[in-house]
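Student: Here it is, the structure, as structure tokens.
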Amino acid sequence: MNYKTEEAISVSVIVPNYNYACYLPERIASILNQTYSDFELILLDDASTDNSVSVLEEYRNNSHVSHIVVNEQNTGIPFQQ
């Protein structure tokens with residue numbers, strides 16, 4: 001796996017999404033603003049038809065974001081990713 005840091009990560013936080021672009025900034029900010037900082041953030045999108053992917057891409061360079069995974073086809077099951 002490609003982590004942005006060389007240190008071992010003790011917590012992985014996964015944010016699944018489908019068509020909730022309007023809530024993503026608040027959801028992600030809530031995670032990033034925690035006092036605990038030894039975590040990686042994995043952002044998932046299940047082929048949203050709104051601007052969710054654009055919102056997720058805004059976090060690509062955040063040091064906590066290790067993966068952004070966008071399905072090309074909706075699975076209907078976010079955790080299948």
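Identifiers in the structure tokens: chain A, B, ... in order shown; residue index from 1 per chain; ligand index from 1 in order shown.
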Give me the residues within 9 Å of range 39-54 of chain A as a PyMOL selection string, counting only C-alpha atoms and dropping any in the same chain fewer than 4 places off.
Tutor: chain A and resi 3-4+9-22+24+28+31-32+58+63-79+81
Student: Take the residues from that selection and put them in a file with N, CA, C and O atoms, as a compact mmCIF listing (two decimals), in the first residue's frame.
Tutor:
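As written to disk, selection.txt reads:
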# COMPACT_ATOMS: atom_id res chain seq x y z
N TYR A 3 1.22 4.65 1.46
CA TYR A 3 0.80 5.62 2.45
C TYR A 3 1.61 6.87 2.24
O TYR A 3 2.73 6.82 1.76
N LYS A 4 1.05 7.99 2.63
CA LYS A 4 1.74 9.25 2.45
C LYS A 4 2.82 9.46 3.50
O LYS A 4 3.62 10.35 3.38
N ILE A 9 0.47 3.20 10.31
CA ILE A 9 -0.82 3.80 10.62
C ILE A 9 -1.55 2.89 11.59
O ILE A 9 -1.60 1.68 11.40
N SER A 10 -2.12 3.47 12.64
CA SER A 10 -2.80 2.64 13.62
C SER A 10 -4.30 2.59 13.41
O SER A 10 -4.97 1.69 13.89
N VAL A 11 -4.86 3.56 12.66
CA VAL A 11 -6.30 3.60 12.43
C VAL A 11 -6.57 3.96 10.97
O VAL A 11 -5.96 4.89 10.44
N SER A 12 -7.48 3.23 10.35
CA SER A 12 -7.95 3.57 9.01
C SER A 12 -9.40 4.02 9.12
O SER A 12 -10.23 3.31 9.69
N VAL A 13 -9.68 5.19 8.60
CA VAL A 13 -11.04 5.73 8.61
C VAL A 13 -11.54 5.68 7.17
O VAL A 13 -10.91 6.24 6.27
N ILE A 14 -12.66 5.00 6.96
CA ILE A 14 -13.22 4.84 5.63
C ILE A 14 -14.50 5.66 5.52
O ILE A 14 -15.38 5.55 6.37
N VAL A 15 -14.58 6.47 4.48
CA VAL A 15 -15.77 7.28 4.23
C VAL A 15 -16.39 6.81 2.91
O VAL A 15 -15.92 7.14 1.83
N PRO A 16 -17.44 5.98 3.00
CA PRO A 16 -18.15 5.58 1.77
C PRO A 16 -19.12 6.70 1.37
O PRO A 16 -19.62 7.44 2.22
N ASN A 17 -19.36 6.83 0.08
CA ASN A 17 -20.23 7.91 -0.38
C ASN A 17 -20.97 7.50 -1.65
O ASN A 17 -20.43 6.81 -2.50
N TYR A 18 -22.19 7.99 -1.75
CA TYR A 18 -22.95 7.93 -3.00
C TYR A 18 -23.91 9.12 -3.01
O TYR A 18 -24.87 9.17 -2.23
N ASN A 19 -23.63 10.07 -3.87
CA ASN A 19 -24.50 11.24 -4.08
C ASN A 19 -24.76 12.08 -2.82
O ASN A 19 -25.88 12.55 -2.62
N TYR A 20 -23.75 12.27 -2.01
CA TYR A 20 -23.89 13.13 -0.83
C TYR A 20 -22.86 14.24 -0.84
O TYR A 20 -22.27 14.58 0.20
N ALA A 21 -22.62 14.82 -2.01
CA ALA A 21 -21.61 15.86 -2.14
C ALA A 21 -21.82 17.01 -1.16
O ALA A 21 -20.85 17.54 -0.61
N CYS A 22 -23.06 17.37 -0.92
CA CYS A 22 -23.32 18.51 -0.05
C CYS A 22 -22.92 18.25 1.40
O CYS A 22 -22.69 19.19 2.16
N LEU A 24 -20.27 16.00 2.20
CA LEU A 24 -18.88 15.53 2.27
C LEU A 24 -17.93 16.49 2.97
O LEU A 24 -17.14 16.05 3.81
N ILE A 28 -15.88 15.09 6.16
CA ILE A 28 -14.43 14.96 6.11
C ILE A 28 -13.76 15.89 7.12
O ILE A 28 -12.81 15.50 7.81
N ILE A 31 -13.67 14.50 10.58
CA ILE A 31 -12.62 13.50 10.77
C ILE A 31 -11.25 14.17 10.89
O ILE A 31 -10.47 13.88 11.80
N LEU A 32 -10.97 15.08 9.98
CA LEU A 32 -9.66 15.73 9.97
C LEU A 32 -9.42 16.62 11.18
O LEU A 32 -8.27 16.85 11.55
N GLU A 58 -10.70 17.36 -3.84
CA GLU A 58 -10.15 18.51 -3.13
C GLU A 58 -9.28 18.08 -1.95
O GLU A 58 -8.47 18.86 -1.46
N SER A 63 -2.44 15.14 3.85
CA SER A 63 -1.50 14.10 4.30
C SER A 63 -2.19 12.88 4.91
O SER A 63 -1.60 11.80 4.96
N HIS A 64 -3.41 13.02 5.38
CA HIS A 64 -4.12 11.88 5.96
C HIS A 64 -4.80 11.01 4.90
O HIS A 64 -5.08 9.85 5.14
N VAL A 65 -5.06 11.56 3.74
CA VAL A 65 -5.78 10.81 2.69
C VAL A 65 -4.79 9.88 1.99
O VAL A 65 -3.86 10.32 1.33
N SER A 66 -5.01 8.58 2.16
CA SER A 66 -4.13 7.60 1.54
C SER A 66 -4.69 7.06 0.24
O SER A 66 -3.94 6.64 -0.64
N HIS A 67 -6.02 7.05 0.11
CA HIS A 67 -6.66 6.52 -1.10
C HIS A 67 -7.95 7.28 -1.39
O HIS A 67 -8.68 7.63 -0.45
N ILE A 68 -8.20 7.49 -2.66
CA ILE A 68 -9.51 7.92 -3.14
C ILE A 68 -9.89 6.89 -4.20
O ILE A 68 -9.21 6.76 -5.22
N VAL A 69 -10.95 6.16 -3.93
CA VAL A 69 -11.38 5.09 -4.84
C VAL A 69 -12.76 5.46 -5.37
O VAL A 69 -13.70 5.64 -4.60
N VAL A 70 -12.85 5.56 -6.69
CA VAL A 70 -14.11 5.91 -7.33
C VAL A 70 -14.51 4.77 -8.26
O VAL A 70 -13.78 4.44 -9.19
N ASN A 71 -15.66 4.19 -7.99
CA ASN A 71 -16.17 3.14 -8.86
C ASN A 71 -16.63 3.73 -10.19
O ASN A 71 -17.23 4.81 -10.21
N GLU A 72 -16.38 3.03 -11.26
CA GLU A 72 -16.87 3.46 -12.57
C GLU A 72 -18.35 3.12 -12.74
O GLU A 72 -19.06 3.77 -13.49
N GLN A 73 -18.79 2.09 -12.03
CA GLN A 73 -20.17 1.63 -12.11
C GLN A 73 -20.71 1.48 -10.71
O GLN A 73 -20.03 0.95 -9.83
N ASN A 74 -21.94 1.93 -10.50
CA ASN A 74 -22.54 1.85 -9.17
C ASN A 74 -22.80 0.40 -8.80
O ASN A 74 -23.38 -0.36 -9.55
N THR A 75 -22.34 0.04 -7.58
CA THR A 75 -22.53 -1.33 -7.10
C THR A 75 -23.77 -1.44 -6.24
O THR A 75 -24.29 -2.53 -6.04
N GLY A 76 -24.22 -0.33 -5.69
CA GLY A 76 -25.35 -0.36 -4.76
C GLY A 76 -24.95 -0.84 -3.39
O GLY A 76 -25.75 -0.87 -2.46
N ILE A 77 -23.69 -1.22 -3.23
CA ILE A 77 -23.17 -1.73 -1.96
C ILE A 77 -21.83 -1.04 -1.71
O ILE A 77 -20.79 -1.52 -2.15
N PRO A 78 -21.82 0.11 -1.02
CA PRO A 78 -20.59 0.86 -0.86
C PRO A 78 -19.43 0.07 -0.26
O PRO A 78 -18.29 0.31 -0.58
N PHE A 79 -19.73 -0.89 0.59
CA PHE A 79 -18.64 -1.62 1.25
C PHE A 79 -18.05 -2.71 0.36
O PHE A 79 -17.07 -3.33 0.71
N GLN A 81 -16.59 -2.04 -2.30
CA GLN A 81 -15.37 -1.45 -2.82
C GLN A 81 -14.16 -1.99 -2.13
O GLN A 81 -13.10 -2.08 -2.61
Student: Out of chain A, which residues get strand (DSSP E or B) from DSSP, as number ranges by chain?
Tutor: A: 11-15, 39-45, 65-70
Student: Could you find all residues in chain A that DSSP calls helix (DSSP H, G or I) from the backbone, and write them as a ChimeraX atom specification?
Tutor: /A:24-32,52-57,78-80
